[in-house]
file protein19.pdb (PDB, C-alpha atoms and all ligand atoms)
MODEL        1
ATOM      1  CA  MET A  10       0.000   0.000   0.000
ATOM      2  CA  GLN A  11       1.324   3.428  -0.939
ATOM      3  CA  LEU A  12       0.054   6.773   0.408
ATOM      4  CA  GLU A  13       1.091  10.321  -0.455
ATOM      5  CA  PHE A  14       0.515  13.736   1.071
ATOM      6  CA  LYS A  15       1.677  17.252   0.331
ATOM      7  CA  VAL A  16       2.974  19.532   3.105
ATOM      8  CA  MET A  17       3.378  23.305   2.721
ATOM      9  CA  GLY A  18       6.094  25.385   4.351
ATOM     10  CA  GLY A  19       4.707  27.749   6.975
ATOM     11  CA  ASP A  20       1.340  25.992   7.069
ATOM     12  CA  PHE A  21       1.291  25.146  10.774
ATOM     13  CA  ALA A  22      -2.501  25.005  10.899
ATOM     14  CA  ASN A  23      -2.380  21.777   8.895
ATOM     15  CA  ALA A  24       0.751  20.283  10.441
ATOM     16  CA  GLY A  25       0.022  16.735  11.503
ATOM     17  CA  TYR A  26      -2.558  16.046   8.815
ATOM     18  CA  ALA A  27      -0.484  13.365   7.080
ATOM     19  CA  SER A  28       0.412  11.806  10.459
ATOM     20  CA  SER A  29      -3.215  11.671  11.464
ATOM     21  CA  GLU A  30      -4.325  10.074   8.160
ATOM     22  CA  ILE A  31      -1.521   7.507   8.308
ATOM     23  CA  LYS A  32      -2.402   6.707  11.896
ATOM     24  CA  LYS A  33      -5.996   5.935  10.863
ATOM     25  CA  VAL A  34      -4.836   3.622   8.087
ATOM     26  CA  LEU A  35      -2.339   1.792  10.320
ATOM     27  CA  LYS A  36      -5.071   1.277  12.943
ATOM     28  CA  GLN A  37      -7.474  -0.033  10.330
ATOM     29  CA  ILE A  38      -5.028  -2.676   9.170
ATOM     30  CA  ASN A  39      -4.259  -3.663  12.779
ATOM     31  CA  ILE A  40      -0.608  -2.687  12.989
ATOM     32  CA  ASP A  41       0.865  -3.107  16.503
ATOM     33  CA  PRO A  42      -0.138   0.045  18.472
ATOM     34  CA  LYS A  43       3.431   0.401  19.776
ATOM     35  CA  ILE A  44       4.722   0.686  16.220
ATOM     36  CA  ILE A  45       1.910   3.046  15.197
ATOM     37  CA  LYS A  46       2.898   5.377  18.050
ATOM     38  CA  LYS A  47       6.508   5.467  16.878
ATOM     39  CA  VAL A  48       5.659   6.068  13.240
ATOM     40  CA  VAL A  49       3.287   8.871  14.244
ATOM     41  CA  VAL A  50       5.922  10.657  16.360
ATOM     42  CA  ALA A  51       8.538  10.420  13.594
ATOM     43  CA  LEU A  52       6.197  11.484  10.819
ATOM     44  CA  TYR A  53       4.775  14.384  12.820
ATOM     45  CA  GLU A  54       8.253  15.753  13.489
ATOM     46  CA  ALA A  55       9.142  15.413   9.801
ATOM     47  CA  GLU A  56       5.973  17.263   8.798
ATOM     48  CA  VAL A  57       6.685  20.048  11.282
ATOM     49  CA  ASN A  58      10.219  20.383   9.933
ATOM     50  CA  ILE A  59       8.832  21.112   6.475
ATOM     51  CA  CYS A  60       6.464  23.697   7.989
ATOM     52  CA  ALA A  61       9.200  25.295  10.075
ATOM     53  CA  HIS A  62      12.258  25.049   7.843
ATOM     54  CA  ALA A  63      11.316  24.389   4.192
ATOM     55  CA  TYR A  64       9.043  25.726   1.453
ATOM     56  CA  ALA A  65       7.091  22.713   0.289
ATOM     57  CA  GLY A  66       7.327  18.974   0.589
ATOM     58  CA  LYS A  67       5.855  15.575   0.093
ATOM     59  CA  VAL A  68       5.283  12.597   2.360
ATOM     60  CA  SER A  69       5.148   9.081   0.881
ATOM     61  CA  VAL A  70       4.418   6.062   3.017
ATOM     62  CA  GLU A  71       4.727   2.487   1.846
ATOM     63  CA  ILE A  72       3.310  -0.328   3.929
ATOM     64  CA  THR A  73       4.273  -3.942   3.320
ATOM     65  CA  PRO A  74       3.874  -6.983   5.605
ATOM     66  CA  GLU A  75       7.510  -6.505   6.708
ATOM     67  CA  LYS A  76       7.855  -2.778   7.219
ATOM     68  CA  ILE A  77       6.548   0.761   7.093
ATOM     69  CA  SER A  78       8.812   2.926   4.928
ATOM     70  CA  VAL A  79       8.422   6.685   4.969
ATOM     71  CA  GLU A  80      10.019   9.205   2.637
ATOM     72  CA  VAL A  81       9.686  12.909   3.390
ATOM     73  CA  SER A  82      11.256  15.187   0.815
ATOM     74  CA  ASP A  83      11.180  18.950   0.562
ATOM     75  CA  LYS A  84      12.266  21.893  -1.494
ATOM     76  CA  GLY A  85      13.986  24.163   0.964
ATOM     77  CA  PRO A  86      17.249  25.586   2.242
ATOM     78  CA  GLY A  87      18.715  22.172   3.004
ATOM     79  CA  ILE A  88      20.763  21.228   6.081
ATOM     80  CA  PRO A  89      24.432  22.323   5.912
ATOM     81  CA  ASP A  90      25.643  20.100   8.771
ATOM     82  CA  ILE A  91      23.458  17.058   9.354
ATOM     83  CA  GLU A  92      25.483  15.796  12.319
ATOM     84  CA  LEU A  93      24.987  19.131  14.075
ATOM     85  CA  ALA A  94      21.276  19.175  13.182
ATOM     86  CA  MET A  95      20.889  15.719  14.762
ATOM     87  CA  GLN A  96      22.134  16.991  18.133
ATOM     88  CA  GLU A  97      19.434  17.376  20.760
ATOM     89  CA  GLY A  98      18.804  21.096  21.350
ATOM     90  CA  PHE A  99      20.247  22.374  18.077
ATOM     91  CA  SER A 100      17.731  24.549  16.264
ATOM     92  CA  THR A 101      17.678  27.381  13.764
ATOM     93  CA  ALA A 102      13.918  27.917  14.200
ATOM     94  CA  SER A 103      12.702  31.522  14.091
ATOM     95  CA  PRO A 104      11.559  33.307  17.261
ATOM     96  CA  ALA A 105       7.933  33.133  16.039
ATOM     97  CA  VAL A 106       8.182  29.362  15.606
ATOM     98  CA  ARG A 107       9.803  28.998  19.044
ATOM     99  CA  GLU A 108       7.062  31.006  20.658
ATOM    100  CA  MET A 109       4.601  28.367  19.473
ATOM    101  CA  GLY A 110       6.582  25.740  21.353
ATOM    102  CA  PHE A 111       8.331  24.347  18.292
ATOM    103  CA  GLY A 112      12.060  24.720  17.717
ATOM    104  CA  ALA A 113      13.322  22.867  20.777
ATOM    105  CA  GLY A 114      15.783  21.010  18.587
ATOM    106  CA  MET A 115      14.226  17.675  19.507
ATOM    107  CA  GLY A 116      12.578  16.844  16.195
ATOM    108  CA  LEU A 117      15.335  14.954  14.396
ATOM    109  CA  PRO A 118      16.397  13.180  17.636
ATOM    110  CA  ASN A 119      12.745  12.138  18.112
ATOM    111  CA  ILE A 120      12.701  10.740  14.578
ATOM    112  CA  LYS A 121      15.924   8.818  15.214
ATOM    113  CA  LYS A 122      14.635   7.383  18.511
ATOM    114  CA  ASN A 123      11.352   6.214  17.047
ATOM    115  CA  THR A 124      12.570   4.501  13.892
ATOM    116  CA  ASP A 125      14.684   1.424  13.118
ATOM    117  CA  PHE A 126      16.476   3.075  10.204
ATOM    118  CA  LEU A 127      16.993   6.739   9.312
ATOM    119  CA  ASP A 128      18.774   8.273   6.341
ATOM    120  CA  ILE A 129      18.992  12.016   5.698
ATOM    121  CA  GLN A 130      20.163  13.429   2.376
ATOM    122  CA  SER A 131      20.323  17.176   1.975
ATOM    123  CA  THR A 132      21.622  19.673  -0.552
ATOM    124  CA  VAL A 133      22.032  23.250   0.581
ATOM    125  CA  GLY A 134      19.847  25.555  -1.491
ATOM    126  CA  LYS A 135      17.810  22.660  -2.880
ATOM    127  CA  GLY A 136      16.183  20.566  -0.216
ATOM    128  CA  THR A 137      16.161  17.631   2.128
ATOM    129  CA  THR A 138      15.009  14.022   1.930
ATOM    130  CA  LEU A 139      14.437  11.874   4.996
ATOM    131  CA  LYS A 140      13.899   8.155   4.694
ATOM    132  CA  PHE A 141      12.935   6.113   7.678
ATOM    133  CA  ILE A 142      11.761   2.586   8.303
ATOM    134  CA  ASN A 143       9.907   0.814  11.076
ATOM    135  CA  TYR A 144      10.004  -2.968  10.854
ATOM    136  CA  LEU A 145       6.862  -4.924  11.628
ATOM    137  CA  THR A 146       8.508  -8.239  12.419
TER     138      THR A 146
ATOM    139  CA  MET B   4     -10.157   8.727  37.671
ATOM    140  CA  THR B   5     -11.904  10.386  34.715
ATOM    141  CA  VAL B   6     -11.447  13.823  33.192
ATOM    142  CA  LYS B   7     -14.842  14.684  34.669
ATOM    143  CA  ASP B   8     -13.760  13.750  38.217
ATOM    144  CA  ILE B   9     -10.752  16.046  37.973
ATOM    145  CA  THR B  10     -12.747  18.830  36.326
ATOM    146  CA  ASP B  11     -15.379  18.701  39.095
ATOM    147  CA  GLN B  12     -12.942  18.503  41.986
ATOM    148  CA  LEU B  13     -10.736  21.342  40.755
ATOM    149  CA  GLN B  14     -13.569  23.389  39.261
ATOM    150  CA  LEU B  15     -11.943  23.617  35.882
ATOM    151  CA  LYS B  16     -13.568  25.536  33.074
ATOM    152  CA  ILE B  17     -14.674  23.436  30.053
ATOM    153  CA  PHE B  18     -13.914  25.151  26.728
ATOM    154  CA  ALA B  19     -14.644  22.297  24.309
ATOM    155  CA  GLY B  20     -14.595  18.562  23.784
ATOM    156  CA  ALA B  21     -17.108  17.780  26.538
ATOM    157  CA  SER B  22     -18.002  14.484  24.833
ATOM    158  CA  GLY B  23     -14.661  13.173  26.103
ATOM    159  CA  MET B  24     -15.245  13.910  29.787
ATOM    160  CA  ASN B  25     -15.426  10.209  30.605
ATOM    161  CA  ARG B  26     -11.929   9.537  29.325
ATOM    162  CA  GLU B  27      -9.735   7.797  31.877
ATOM    163  CA  VAL B  28      -6.758   9.847  33.115
ATOM    164  CA  THR B  29      -3.644   7.685  33.492
ATOM    165  CA  GLY B  30      -1.287  10.478  34.534
ATOM    166  CA  GLY B  31      -0.112  13.886  33.491
ATOM    167  CA  TYR B  32       2.533  15.636  31.437
ATOM    168  CA  VAL B  33       3.636  19.240  31.892
ATOM    169  CA  SER B  34       5.427  21.031  29.054
ATOM    170  CA  ASP B  35       5.144  23.931  26.634
ATOM    171  CA  LEU B  36       7.584  22.383  24.149
ATOM    172  CA  LEU B  37       5.642  20.458  21.545
ATOM    173  CA  SER B  38       8.436  18.048  20.574
ATOM    174  CA  ASP B  39       8.896  17.208  24.251
ATOM    175  CA  VAL B  40       5.228  16.253  24.530
ATOM    176  CA  MET B  41       5.362  14.420  21.211
ATOM    177  CA  GLY B  42       8.396  12.460  22.353
ATOM    178  CA  HIS B  43       7.527  11.751  25.974
ATOM    179  CA  ALA B  44       3.813  12.058  26.808
ATOM    180  CA  GLN B  45       1.921   8.770  27.092
ATOM    181  CA  GLU B  46      -1.547   7.801  25.952
ATOM    182  CA  GLY B  47      -4.219   8.721  28.522
ATOM    183  CA  GLN B  48      -2.208  11.441  30.240
ATOM    184  CA  LEU B  49      -3.589  14.909  30.610
ATOM    185  CA  TRP B  50      -1.414  17.725  29.331
ATOM    186  CA  ILE B  51      -0.870  20.920  31.268
ATOM    187  CA  THR B  52       0.339  23.828  29.117
ATOM    188  CA  LEU B  53       0.021  27.493  28.215
ATOM    189  CA  GLN B  54       0.186  26.895  24.458
ATOM    190  CA  THR B  55      -3.264  27.543  23.000
ATOM    191  CA  HIS B  56      -2.910  27.124  19.206
ATOM    192  CA  LYS B  57      -4.326  24.354  17.057
ATOM    193  CA  ASN B  58      -1.146  22.274  17.030
ATOM    194  CA  VAL B  59      -1.629  21.342  20.686
ATOM    195  CA  MET B  60      -4.881  19.621  19.722
ATOM    196  CA  ALA B  61      -3.198  17.899  16.794
ATOM    197  CA  ILE B  62      -0.653  16.514  19.258
ATOM    198  CA  ALA B  63      -3.262  15.566  21.870
ATOM    199  CA  SER B  64      -5.137  13.650  19.207
ATOM    200  CA  LEU B  65      -2.062  11.920  17.735
ATOM    201  CA  LYS B  66      -0.864  10.927  21.228
ATOM    202  CA  GLU B  67      -4.392  10.048  22.435
ATOM    203  CA  LEU B  68      -4.074  12.238  25.509
ATOM    204  CA  SER B  69      -7.119  12.388  27.798
ATOM    205  CA  ALA B  70      -7.419  16.201  28.061
ATOM    206  CA  ILE B  71      -5.536  19.490  27.900
ATOM    207  CA  ILE B  72      -5.525  21.984  30.765
ATOM    208  CA  PHE B  73      -4.616  25.595  29.972
ATOM    209  CA  VAL B  74      -3.070  27.347  32.948
ATOM    210  CA  GLN B  75      -3.171  30.869  34.270
ATOM    211  CA  GLY B  76      -6.350  31.925  32.449
ATOM    212  CA  PHE B  77      -5.053  31.126  28.961
ATOM    213  CA  GLU B  78      -7.872  30.252  26.555
ATOM    214  CA  PRO B  79      -7.711  27.998  23.487
ATOM    215  CA  ASP B  80      -7.956  29.496  19.987
ATOM    216  CA  MET B  81     -11.207  28.918  18.080
ATOM    217  CA  ASP B  82      -9.709  26.392  15.653
ATOM    218  CA  THR B  83      -8.224  24.534  18.633
ATOM    219  CA  ARG B  84     -11.744  24.256  20.101
ATOM    220  CA  ASP B  85     -13.227  23.113  16.777
ATOM    221  CA  LEU B  86     -10.735  20.279  16.549
ATOM    222  CA  ALA B  87     -11.335  19.329  20.200
ATOM    223  CA  GLU B  88     -15.073  19.057  19.522
ATOM    224  CA  LYS B  89     -14.397  16.832  16.552
ATOM    225  CA  GLU B  90     -11.947  14.614  18.417
ATOM    226  CA  GLY B  91     -13.802  14.534  21.741
ATOM    227  CA  ILE B  92     -10.762  15.590  23.746
ATOM    228  CA  PRO B  93     -11.711  18.029  26.541
ATOM    229  CA  LEU B  94     -10.026  21.437  26.666
ATOM    230  CA  LEU B  95     -10.051  22.692  30.248
ATOM    231  CA  GLY B  96      -8.920  25.847  31.967
ATOM    232  CA  THR B  97      -7.734  27.117  35.317
ATOM    233  CA  THR B  98      -6.606  30.509  36.573
ATOM    234  CA  LEU B  99      -3.955  28.815  38.722
ATOM    235  CA  PRO B 100      -0.303  28.814  37.631
ATOM    236  CA  THR B 101       1.272  25.585  36.358
ATOM    237  CA  PHE B 102       2.942  24.595  39.641
ATOM    238  CA  ASP B 103      -0.246  24.885  41.681
ATOM    239  CA  ILE B 104      -2.588  23.050  39.322
ATOM    240  CA  THR B 105      -0.011  20.337  38.697
ATOM    241  CA  GLY B 106       0.379  19.761  42.433
ATOM    242  CA  LYS B 107      -3.362  19.463  42.924
ATOM    243  CA  ILE B 108      -3.752  17.016  40.057
ATOM    244  CA  TYR B 109      -0.773  15.000  41.270
ATOM    245  CA  ASN B 110      -2.439  14.666  44.649
ATOM    246  CA  LEU B 111      -5.687  13.512  43.081
ATOM    247  CA  LEU B 112      -3.953  10.904  40.943
ATOM    248  CA  THR B 113      -1.624   9.389  43.532
TER     249      THR B 113
HETATM  250  N1  LIG A 201      13.573  19.871   6.326
HETATM  251  C1  LIG A 201      14.539  20.699   6.775
HETATM  252  N2  LIG A 201      15.031  21.673   5.969
HETATM  253  C2  LIG A 201      16.003  22.498   6.414
HETATM  254  N3  LIG A 201      16.537  22.439   7.653
HETATM  255  C3  LIG A 201      16.083  21.493   8.483
HETATM  256  C4  LIG A 201      15.064  20.573   8.102
HETATM  257  N4  LIG A 201      14.826  19.741   9.129
HETATM  258  C5  LIG A 201      15.667  20.119  10.115
HETATM  259  N5  LIG A 201      16.425  21.168   9.739
HETATM  260  C6  LIG A 201      17.496  21.835  10.525
HETATM  261  O1  LIG A 201      17.851  20.994  11.607
HETATM  262  C7  LIG A 201      17.590  21.664  12.848
HETATM  263  C8  LIG A 201      17.162  20.680  13.906
HETATM  264  O2  LIG A 201      15.904  20.091  13.563
HETATM  265  P1  LIG A 201      14.988  19.510  14.711
HETATM  266  O3  LIG A 201      15.774  18.521  15.512
HETATM  267  O4  LIG A 201      13.725  19.022  14.099
HETATM  268  O5  LIG A 201      14.721  20.759  15.661
HETATM  269  P2  LIG A 201      13.785  22.030  15.435
HETATM  270  O6  LIG A 201      12.888  21.754  14.277
HETATM  271  O7  LIG A 201      13.065  22.133  16.718
HETATM  272  O8  LIG A 201      14.698  23.186  15.173
HETATM  273  C9  LIG A 201      16.568  22.730  12.497
HETATM  274  O9  LIG A 201      16.550  23.794  13.402
HETATM  275  C10 LIG A 201      17.032  23.148  11.107
HETATM  276  O10 LIG A 201      18.150  23.988  11.193
HETATM  277 MG    MG A 202      11.812  20.022  14.127
ENDMDL
END

call {"tool": "encode", "arguments": {"input": "protein19.pdb", "output": "structure tokens"}}
result
Amino acid sequence: MQLEFKVMGGDFANAGYASSEIKKVLKQINIDPKIIKKVVVALYEAEVNICAHAYAGKVSVEITPEKISVEVSDKGPGIPDIELAMQEGFSTASPAVREMGFGAGMGLPNIKKNTDFLDIQSTVGKGTTLKFINYLT
Amino acid sequence: MTVKDITDQLQLKIFAGASGMNREVTGGYVSDLLSDVMGHAQEGQLWITLQTHKNVMAIASLKELSAIIFVQGFEPDMDTRDLAEKEGIPLLGTTLPTFDITGKIYNLLT
């Protein structure tokens, strides 16, 4: 099964839409609730990162009997130093975004913690692609 | 203990989501950082915060929290209330500061 969603930069009002739709689907097909919770946390953080840091992006989720694979790609400024970005507490979020309670620098670490595999590819000035996997077996 | 029990005992204001007043409260989480709540709050907990925008409801729904309590007289935005109605997650309010309301709820739950 393959599902796709668009996410717009700056569109905080709709942040979490893809996560919420995916959650419904995963519940319907009786995926282990523990795994659903992890996928939801990771996907939500990835969606918020597009809202907070990029211009526009796309979420694709593929579900097979073995695994849930998520790809989140965006057009945006890219991440110059991925290792630094992965550090808990590192954030370049704007003051307005921080005031909303985002921008604690915990998003990428949350994604890492809640997935079995994470790969980040980024080109400065072009955009970022996150791939993560949660295994079902 | 249900959301209703806590609401009655602490005389909390109900802003929206009253259809969820019978939700069971398994504990609480106190934070104004959304990624912190996303990463650490557990299903069934009630969330004490001063953030009032729609994203708090999105998180409460994704994490299946039992209710949100806004402290210090903060009131939820209209689109936050709309989503709470739809999801049946109560949005509650107190004029007390975070420390005081958290202490009272802790005492009720333990
Ligand atoms: N999709 C993205 N595009 C550009 N930069 C990003 C993206 N995702 C993350 N970053 C960078 O990595 C940093 C850390 O991300 P994260 O851990 O999610 O924390 P936060 O979003 O709270 O700042 C961000 O502040 C930003 O500089
Ligand atoms: Mg983030």

call {"tool": "residues_near_point", "arguments": {"input": "protein19.pdb", "point": "(5.0, -2.5, 5.4)", "cutoff": "10 Å", "atoms": "all atoms listed in the file", "output": "MDAnalysis selection string"}}
result
chainID A and resid 10:11 35 40 70:79 142:146

call {"tool": "resolve_selection", "arguments": {"input": "protein19.pdb", "expression": "the PyMOL selection byres (((not hetatm)) within 9 of (chain A and resi 202))", "output": "list in words"}}
result
Glu54, Ala55, Glu56, Val57, Asn58, Ile59, Cys60, Ala61, His62, Ser100, Ala102, Phe111, Gly112, Ala113, Gly114, Met115, Gly116, Leu117, Pro118 and Asn119 of chain A; Ser38 of chain B

call {"tool": "atom_distance", "arguments": {"input": "protein19.pdb", "atom1": "atom CA of A:Lys32", "atom2": "atom CA of B:Asp39"}}
result
19.8 Å

call {"tool": "closest_residue", "arguments": {"input": "protein19.pdb", "among": "B:Gln75, B:Thr55, B:Ser69, B:Thr105", "to": "chain A", "atoms": "only C-alpha atoms"}}
result
B:Thr55

call {"tool": "interface_residues", "arguments": {"input": "protein19.pdb", "of": "chain B", "to": "chain A", "cutoff": "7 Å", "atoms": "only C-alpha atoms", "output": "PyMOL selection string"}}
result
chain B and resi 35-38+41-42+54+57-58+61+65

call {"tool": "resolve_selection", "arguments": {"input": "protein19.pdb", "expression": "the PyMOL selection byres (((chain B and resi 67) around 9) and not hetatm)", "output": "number ranges by chain"}}
result
B: 45-48, 62-66, 68-70, 92

call {"tool": "resolve_selection", "arguments": {"input": "protein19.pdb", "expression": "the PyMOL selection byres (((chain B and resi 113) around 12) and not hetatm)", "output": "number ranges by chain"}}
result
B: 4, 28-31, 106-112

call {"tool": "write_last_selection", "arguments": {"input": "protein19.pdb", "atoms": "C-alpha atoms", "output": "PDB file, in the frame of the given file"}}
result
ATOM      1  CA  MET B   4     -10.157   8.727  37.671  1.00  0.00           C
ATOM      2  CA  VAL B  28      -6.758   9.847  33.115  1.00  0.00           C
ATOM      3  CA  THR B  29      -3.644   7.685  33.492  1.00  0.00           C
ATOM      4  CA  GLY B  30      -1.287  10.478  34.534  1.00  0.00           C
ATOM      5  CA  GLY B  31      -0.112  13.886  33.491  1.00  0.00           C
ATOM      6  CA  GLY B 106       0.379  19.761  42.433  1.00  0.00           C
ATOM      7  CA  LYS B 107      -3.362  19.463  42.924  1.00  0.00           C
ATOM      8  CA  ILE B 108      -3.752  17.016  40.057  1.00  0.00           C
ATOM      9  CA  TYR B 109      -0.773  15.000  41.270  1.00  0.00           C
ATOM     10  CA  ASN B 110      -2.439  14.666  44.649  1.00  0.00           C
ATOM     11  CA  LEU B 111      -5.687  13.512  43.081  1.00  0.00           C
ATOM     12  CA  LEU B 112      -3.953  10.904  40.943  1.00  0.00           C
TER      13      LEU B 112
END

call {"tool": "axis_aligned_box", "arguments": {"input": "protein19.pdb", "around": "stretch 71-76 of chain A", "padding_each_side": "5 Å", "output": "JSON"}}
result
{"center_x": 5.6, "center_y": -2.2, "center_z": 4.5, "size_x": 14.5, "size_y": 19.5, "size_z": 15.4}

call {"tool": "residues_around", "arguments": {"input": "protein19.pdb", "residues": "B:Tyr32", "least_positions_apart": "5", "cutoff": "7 Å", "atoms": "only C-alpha atoms", "output": "list in words"}}
result
Ala44, Gln48, Leu49, Trp50 and Ile51 of chain B

call {"tool": "atom_distance", "arguments": {"input": "protein19.pdb", "atom1": "atom CA of B:Ala21", "atom2": "atom CA of A:Glu30"}}
result
23.7 Å

call {"tool": "atom_distance", "arguments": {"input": "protein19.pdb", "atom1": "atom CA of B:Leu15", "atom2": "atom CA of B:Phe102"}}
result
15.4 Å

call {"tool": "closest_residue", "arguments": {"input": "protein19.pdb", "among": "A:Glu13, A:Asp83, A:Gly66, A:Leu52", "to": "A:Thr132", "atoms": "all atoms listed in the file"}}
result
A:Asp83
